Structures are given as C-alpha cells and as structure tokens.
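Undergrad: Next up is a structure, given as structure tokens.
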Amino acid sequence: MIAASQSSPSISERALARVLRPFARVEPSEAVSATLLTLTVFLLLTAYYLLKTAREPLILLHGGAEVKQYAAAGQALLLVVVVNAYSALARRVGRQALIATVYLFFASNLALFAVLVRANVVIGVPFFLWVGVFNMTAVSQFWSLAADVYTPEQGKRLFAVLGIGSSVGAVAGARVAKSLAALGPAMLMIVAAALLVACVGLFAWVGAREGSPGRRADERHHEEPLVHDRAAAVLARDKYLLLIAGLTLLLNWVRSNGDYVLDRTLLSGLAEAKSHGIDPSTFVTSFKANYFEWVNLTGVLLQLFAVSRIMKHLGVRSALLFLPAVAFFEYGTFLVAPILSIFTVAKVGESALEYSLQNTARQALFLVSSRVEKYVGKTVVDTVVVRAGDALTALVVYAGSRAALSTRVFAAFNLVLISLWIATVFAIGRENARRSGESEERIAAEPVPA
C-alpha cells in the first residue's frame with residue numbers, strides 16, 4: 001500500500017474518500033493522493049486543450065488539412081530526438097527531477113512562442129510540432145507517476161478517479177479556450193504555461209507523500225536514476241510493450257485518419273461560411289472549440305458513470321474493445337452519409353470514448369509493468385509510436401491526394417485498420433492476464449509489515 005496507509009486516516013481523509021466513493025472505491029488512506037493527482041491531471045488537460053485550440057487556426061489557415069497531416073508526420077521524426085534526450089536525462093536523475101525538468105522546459109517554451117505570436121511571426125508548423133511533443137511527453141509522465149505510486153490493485157480502482165480529472169480538465173480547457181479565443185493564441189499559451197508551473201508543484205507534493213509500492217526487489221529507489229539502457233532497447237526486448245505499441249500505433253493511425261476526414265469535410269464547408277460573411281479564422285476556431293467541448297463533456301459523463309463500472313465488471317480487455325467497435329460503426333456510416341453534421345456527432349462519440357474509457361484502460365496496462373517500462377518504455381510508446389501513426393496517415397494522405405481519392409476512401413481504409421486493432425486487443429488481453437497473475441503471486445509472497 002502507499003505510504004499514507006501506514007497511519008490512521010484523518011477526518012479530512014475520510015471526508016474526501018466519501019466524496020470520491022460514488023465514482024470508485026477509494027480508501028480514506030488513498031484519498032489525499034488521489035485528489036492531488038486528479039487535480040494535477042485536471043490542470044494538465046486544461047493546459048493541453050488551450051494549446052490544442054490555439055494551434056488549429058495557426059496551422060489550418062497557413063497550409064490546410066494536408067499540411068497539418070504532413071506536420072504530424074514530422075512529429076514522429078522529431079520525437080525520436082526528444083525520446084533519446086529524455087532517455088539520457090532519465091539515466092542521470094530520479095523520478096521527481098525528471099518530471100520537474102520536463103514540465104518547466106515546456107513552460108519556458110510557451111513564453112517564447114507567445115512572444116513570437118505577438119510579433120506576428122508565422123509559427124503554425126513549428127508550434128504544431130511542439131504541441132505534439134508536449135502532449136505525448138507531459139501526459140505520459142503523469143500516468144507513469146500514477147502507475148508508480150499505486151499497486152496494480154489500487155490502480156484498477158483509482159485510475160477511473162484520475163480519469164475524471166483528465167476528462168473535466170479537457171472540458172474546462174475547451175470552454176476557457178472558447179472564451180479567450182478573441183484574445184488570440186498568445187493569451188492561451190500564457191495561461192497554459194502558468195498551469196504547467198502549478199502542475200510541477202503538485203507533482204512535488206505527491207512525490208513527497210508517496211513512494212513506489214509496485215517496485216520490484218531488483219529495482220532502484222525512485223529518486224535514483226531510472227535506467228542504464230537506451231529507450232529503443234527497453235522496447236525491443238519486451239513482448240508486452242511491443243503489443244501495446246502495436247495497439248497504440250493502430251489506434252492513432254485510425255484517429256489521425258479520422259481527423260483528416262473531419263478537417264477535409266470541415267474545409268469543404270468554408271466557402272459557404274465566407275458567403276455568409278463569417279471570418280475563416282473565427283469559423284474554424286469556433287467549430288474546433290465547440291467540437292472539443294462536446295467531446296470532453298461526453299467524455300466526462302462516461303468517466304463519471306461508466307468507466308469504473310466497465311473496468312470492474314468487464315475487465316481491461318473488454319474495456320479496450322469498446323472504442324474499435326464504435327469506430328467501425330462510425331466510418332461505416334460515413335460511407336453512406338458523408339455529411340459534416342452527422343460525422344461530427346459520430347466523431348464526438350469516438351473521441352469521447354478514446355479520452356475516457358480507452359485511455360483509462362490503456363494506462364491500466366502499465367500497472368503490471370516494471371518502473372523502467374513505465375517511465376521509459378511507456379514514453380517511447382506514447383510519443384514515437386503515437387506519432388508513427390500520424391506519419392503513416394501522412395503517407396496515405398500524400399498518396400491519396402496524388403491519386404485524387406475521395407474522402408470516402410480514407411474512411412473505408414480505417415475499417416481495415418480497425419479490424420487489425422481488434423485482433424491486437426485480444427493478444428494484449430492474454431499477456432496482461434498472465435502478468436497480472438504473476439504480480440498477484442509476488443505481492444502475496446511479500447511479508448506483511450508489522
């Protein structure tokens with residue numbers, strides 16, 4: 001159990017546990033850390049959606065949907081450099097120093113981007129690349145810490161609570177971005193930077209309270225350097241990580257293809273908006289803000305009332321199957337009715353499931369991993385592998401554009417990818433069940449503290 005469980009819970013801890021109980025079973029000794037981590041991911045996702053909204057007019061109005069996909073492909077190459085630098089840092093510092101360095105680096109970058117935007121420098125592609133790196137790295141770091149401070153049994157219960165903070169933060173970020181849209185992208189960047197600094201303080205607070213209860217006997221203390229191997233070596237020697245990498249690649253390939261289909265359908269309606277006197281930047285920004293808001297509102301409802309129940313009663317493998325099933329129906333429907341309003345509703349459902357149930361279940365896969373797998377292997381999967389899906393989409397977009405393929409063809413291609421995705425989930429389910437059994441045996445064999 002975590003460190004806080006070594007003393008009797010206070011009145012405030014019991015009160016916090018009662019507040020969280022409707023969403024998952026939270027013990028009083030777990031309540032403070034669960035609340036702190038939930039607040040941290042709330043602020044992190046709020047910052048991300050501010051930046052995600054800020055990037056859209058910067059990239060779409062200075063290149064279009066195709067350039068956006070090509071830039072996403074560039075992220076995969078950039079992330080190879082970033083992951084190598086991250087791995088080098090992990091070989092020199094412990095858990096808390098690693099996280100603080102990453103977050104403060106990103107906050108300082110935002111201050112620079114805000115100055116450039118105010119100076120009317122065109123930064124659409126560089127900022128798009130940066131947001132991709134930030135999203136993958138910062139969010140991965142949060143879930144690595146969460147998987148480190150909870151045992152597998154705790155994580156399966158409490159990750160649903162942390163997911164509430166993630167979903168609510170995304171809704172808050174979309175709503176704040178919508179209210180600040182008229183002030184321009186620079187203001188969104190400054191607010192996001194302040195939130196990242198606050199996250200650093202909360203990470204330090206959690207780190208001071210907790211240890212690493214899932215650490216194996218042969219692993220180092222969490223404040224010692226994490227690894228000696230390079231990131232690629234950690235991934236290559238691990239079948240479980242490779243399966244998760246395959247799942248992540250297919251998931252993000254489908255999502256990236258779907259985003260292209262949505263952007264292409266959106267831009268096809270731009271002429272009509274202009275004919276009504278609507279500014280193109282305002283049209284795109286408002287559409288994206290509304291879209292993100294509905295995605296995240298739906299995600300919150302799923303996180304509050306469905307995720308913990310599905311995880312508890314159906315298990316991780318079944319939880320991972322919900323999204324591909326919905327996506328298959330979504331793109332099949334688009335083949336019949338390629339209409340922006342209909343597809344937007346379907347895409348909201350897909351994205352809401354991805355950010356709630358799918359994300360919680362995927363993060364739970366790492367509860368049975370070693371600390372090196374959590375901090376380094378997971379970072380490779382959540383960065384390079386994710387953007388490899390975007391790179392593959394860019395290749396498909398390039399080939400499809402040269403061949404003048406219709407939007408329907410891209411939707412049909414997603415149906416093929418989703419079939420492979422479902423097969424991968426079943427393979428992961430078998431390996432996760434095996435590892436879960438080994439983890440339970442190890443914990444049962446450990447001596448009980450006096």
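By convention here, the chains of the structure tokens are called A, B, ... in the order presented, each chain's residues are numbered starting at 1, and ligands are numbered starting at 1 in the order presented.
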Do a neighbour search on Gly163 (chain A) at 8 Å with only C-alpha atoms, toss out local chain neighbours closer than 3 positions, and write the hits as a list in words.
TA: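 The filter keeps Thr38, Phe159, Ala160, Ser166, Ser167, Gln303, Ser356 and Thr360 of chain A.
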Undergrad: Which residues are near Val386 (chain A)? Cut-off 9 Å, only C-alpha atoms, ignore same chain within fewer than 6 positions. Put them as a PyMOL selection string.
TA: chain A and resi 76+136+245+248-253+380
Undergrad: Could you jot down the CA of Phe305 (chain A) to CA of Phe23 (chain A) separation for me, Å, one decimal place?
TA: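 CA of Phe23 (chain A) lies at a distance of 6.9 Å from CA of Phe305 (chain A).
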Undergrad: Could you write out, as a PyMOL selection string, all the residues of region 158-347 of chain A that DSSP marks as alpha helix (DSSP H)?
TA: chain A and resi 158-180+185-209+231-236+239-267+270-275+280-302+308-336+340-347
Undergrad: Export, as a short mmCIF file (atom, residue, chain, number, x, y, z; two decimals), in the first residue's frame, the selected residues with C-alpha atoms.
TA:
data_model
loop_
_atom_site.label_atom_id
_atom_site.label_comp_id
_atom_site.auth_asym_id
_atom_site.auth_seq_id
_atom_site.Cartn_x
_atom_site.Cartn_y
_atom_site.Cartn_z
CA LEU A 158 -8.29 4.65 -8.70
CA PHE A 159 -7.36 5.28 -12.33
CA ALA A 160 -11.06 5.82 -13.03
CA VAL A 161 -10.99 8.68 -10.50
CA LEU A 162 -7.89 10.21 -12.05
CA GLY A 163 -9.59 9.91 -15.41
CA ILE A 164 -12.35 12.18 -14.10
CA GLY A 165 -9.77 14.92 -13.58
CA SER A 166 -8.50 14.32 -17.12
CA SER A 167 -11.96 14.49 -18.68
CA VAL A 168 -13.14 17.50 -16.65
CA GLY A 169 -9.86 19.31 -17.37
CA ALA A 170 -10.37 18.77 -21.09
CA VAL A 171 -13.88 20.24 -20.88
CA ALA A 172 -12.59 23.19 -18.87
CA GLY A 173 -9.76 23.75 -21.34
CA ALA A 174 -12.12 23.76 -24.33
CA ARG A 175 -14.52 26.15 -22.58
CA VAL A 176 -11.78 28.53 -21.41
CA ALA A 177 -10.25 28.43 -24.90
CA LYS A 178 -13.61 29.34 -26.39
CA SER A 179 -13.99 32.30 -24.02
CA LEU A 180 -10.41 33.50 -24.71
CA PRO A 185 -3.37 32.25 -29.42
CA ALA A 186 -0.72 34.11 -27.37
CA MET A 187 -3.08 34.50 -24.40
CA LEU A 188 -3.93 30.79 -24.49
CA MET A 189 -0.21 29.99 -24.39
CA ILE A 190 0.48 32.20 -21.37
CA VAL A 191 -2.38 30.71 -19.36
CA ALA A 192 -1.23 27.19 -20.24
CA ALA A 193 2.34 27.96 -19.10
CA ALA A 194 1.07 29.10 -15.69
CA LEU A 195 -0.91 25.87 -15.31
CA LEU A 196 2.18 23.77 -16.08
CA VAL A 197 4.13 25.51 -13.33
CA ALA A 198 1.30 24.70 -10.91
CA CYS A 199 1.50 21.04 -12.02
CA VAL A 200 5.18 20.93 -11.04
CA GLY A 201 4.26 21.96 -7.50
CA LEU A 202 1.55 19.30 -7.26
CA PHE A 203 3.90 16.60 -8.57
CA ALA A 204 6.40 17.56 -5.86
CA TRP A 205 3.64 17.32 -3.22
CA VAL A 206 2.61 13.83 -4.35
CA GLY A 207 6.23 12.74 -4.60
CA ALA A 208 6.88 13.87 -1.02
CA ARG A 209 3.91 11.81 0.23
CA ALA A 231 14.86 3.73 -24.83
CA ALA A 232 14.75 1.64 -28.01
CA ALA A 233 16.41 -1.30 -26.24
CA VAL A 234 13.82 -1.24 -23.46
CA LEU A 235 11.02 -1.53 -26.02
CA ALA A 236 12.65 -4.07 -28.33
CA LYS A 239 6.81 -8.63 -25.92
CA TYR A 240 4.17 -6.93 -23.76
CA LEU A 241 5.42 -3.44 -24.63
CA LEU A 242 5.56 -4.39 -28.31
CA LEU A 243 1.93 -5.48 -28.23
CA ILE A 244 0.93 -2.23 -26.53
CA ALA A 245 2.96 -0.39 -29.15
CA GLY A 246 1.00 -2.20 -31.88
CA LEU A 247 -2.30 -1.26 -30.23
CA THR A 248 -1.18 2.36 -29.88
CA LEU A 249 0.01 2.55 -33.48
CA LEU A 250 -3.29 1.27 -34.88
CA LEU A 251 -5.41 3.39 -32.53
CA ASN A 252 -3.64 6.58 -33.50
CA TRP A 253 -3.49 5.70 -37.19
CA VAL A 254 -7.27 5.35 -37.16
CA ARG A 255 -7.71 8.54 -35.14
CA SER A 256 -5.32 10.53 -37.32
CA ASN A 257 -7.03 9.32 -40.48
CA GLY A 258 -10.35 10.27 -38.91
CA ASP A 259 -9.11 13.72 -38.01
CA TYR A 260 -8.07 14.23 -41.63
CA VAL A 261 -11.51 13.14 -42.81
CA LEU A 262 -13.08 15.63 -40.38
CA ASP A 263 -10.76 18.51 -41.39
CA ARG A 264 -11.30 17.82 -45.08
CA THR A 265 -15.07 17.78 -44.58
CA LEU A 266 -14.85 20.97 -42.49
CA LEU A 267 -12.83 22.88 -45.08
CA LEU A 270 -15.56 27.04 -45.69
CA ALA A 271 -16.84 28.60 -48.90
CA GLU A 272 -20.39 28.61 -47.56
CA ALA A 273 -19.21 30.28 -44.35
CA LYS A 274 -17.45 33.02 -46.35
CA SER A 275 -20.62 33.62 -48.36
CA PRO A 280 -12.49 31.88 -41.84
CA SER A 281 -10.33 32.01 -38.69
CA THR A 282 -13.38 32.56 -36.48
CA PHE A 283 -15.28 29.79 -38.28
CA VAL A 284 -12.52 27.20 -37.81
CA THR A 285 -11.70 28.25 -34.23
CA SER A 286 -15.35 28.22 -33.15
CA PHE A 287 -16.04 24.86 -34.81
CA LYS A 288 -12.99 23.28 -33.18
CA ALA A 289 -13.75 24.79 -29.77
CA ASN A 290 -17.33 23.54 -29.93
CA TYR A 291 -16.18 20.14 -31.13
CA PHE A 292 -13.61 19.78 -28.34
CA GLU A 293 -16.18 20.96 -25.79
CA TRP A 294 -18.73 18.31 -26.83
CA VAL A 295 -16.07 15.61 -26.98
CA ASN A 296 -14.92 16.36 -23.49
CA LEU A 297 -18.37 16.87 -21.99
CA THR A 298 -19.36 13.44 -23.30
CA GLY A 299 -16.06 12.07 -22.02
CA VAL A 300 -16.76 13.43 -18.54
CA LEU A 301 -20.14 11.71 -18.40
CA LEU A 302 -18.56 8.43 -19.50
CA SER A 308 -15.16 2.36 -13.34
CA ARG A 309 -18.16 0.07 -13.77
CA ILE A 310 -16.96 -1.29 -17.10
CA MET A 311 -13.44 -1.82 -15.74
CA LYS A 312 -14.79 -3.55 -12.63
CA HIS A 313 -17.36 -5.84 -14.25
CA LEU A 314 -15.90 -6.49 -17.72
CA GLY A 315 -12.15 -6.10 -17.21
CA VAL A 316 -9.41 -4.33 -19.13
CA ARG A 317 -9.63 -6.34 -22.37
CA SER A 318 -13.36 -5.78 -22.80
CA ALA A 319 -12.91 -2.10 -21.98
CA LEU A 320 -10.33 -1.84 -24.78
CA LEU A 321 -12.81 -3.29 -27.29
CA PHE A 322 -15.48 -0.59 -26.92
CA LEU A 323 -13.66 2.06 -28.96
CA PRO A 324 -12.84 -0.02 -32.06
CA ALA A 325 -16.43 -1.29 -32.14
CA VAL A 326 -17.80 2.28 -32.12
CA ALA A 327 -15.21 3.46 -34.66
CA PHE A 328 -16.12 0.65 -37.05
CA PHE A 329 -19.76 1.75 -36.95
CA GLU A 330 -18.74 5.42 -37.34
CA TYR A 331 -16.71 5.04 -40.52
CA GLY A 332 -19.19 2.59 -41.97
CA THR A 333 -21.86 5.26 -41.51
CA PHE A 334 -19.67 7.88 -43.21
CA LEU A 335 -19.51 5.73 -46.32
CA VAL A 336 -23.30 6.00 -46.54
CA LEU A 340 -20.31 17.18 -41.68
CA SER A 341 -23.03 17.37 -39.02
CA ILE A 342 -23.59 13.59 -38.92
CA PHE A 343 -19.90 12.76 -38.96
CA THR A 344 -19.19 15.34 -36.26
CA VAL A 345 -21.66 13.65 -33.91
CA ALA A 346 -20.07 10.25 -34.59
CA LYS A 347 -16.55 11.65 -34.18
#
Undergrad: Restricting the calculation to only C-alpha atoms, which member of A:Leu98, A:Ile278, A:Ile428, A:Val133 is positioned closest to Val385 (chain A)?
TA: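 Of all the options, A:Val133 lies closest to Val385 (chain A).
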Undergrad: One decimal, Å: what's the distance from CA of Leu116 (chain A) over to CA of Tyr48 (chain A), could you say?
TA: 19.2 Å
Undergrad: Could you tell me how far CA of Gln363 (chain A) sits from CA of Glu13 (chain A), in Å to one decimal place?
TA: 25.7 Å
Undergrad: Which residues are close to Val19 (chain A), i.e. within 12 Å by only C-alpha atoms, leaving aside same-chain residues fewer than 3 positions away? Reply as a list in words.
TA: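 Skipping anything fewer than 3 positions along the chain leaves Ser12, Glu13, Arg14, Ala15, Leu16, Pro22, Phe23, Ala24, Arg25, Val26, Glu27, Pro28, Ala31, Val32, Ala34, Thr35 and Val161 of chain A.
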Undergrad: Would you put the residues from that selection into a file with C-alpha atoms, as a compact mmCIF listing (two decimals), in the first residue's frame?
TA:
# COMPACT_ATOMS: atom_id res chain seq x y z
CA SER A 12 -10.46 15.07 6.19
CA GLU A 13 -9.19 11.90 4.53
CA ARG A 14 -12.39 10.07 5.41
CA ALA A 15 -14.44 13.00 4.08
CA LEU A 16 -12.51 13.02 0.79
CA PRO A 22 -19.70 7.35 -5.96
CA PHE A 23 -17.13 7.06 -8.75
CA ALA A 24 -14.86 4.29 -7.43
CA ARG A 25 -13.94 2.54 -4.18
CA VAL A 26 -11.45 4.89 -2.52
CA GLU A 27 -10.00 4.09 0.90
CA PRO A 28 -9.50 7.02 3.32
CA ALA A 31 -8.00 9.94 -0.71
CA VAL A 32 -5.44 12.79 -0.44
CA ALA A 34 -5.96 10.56 -5.37
CA THR A 35 -7.29 14.11 -5.02
CA VAL A 161 -10.99 8.68 -10.50
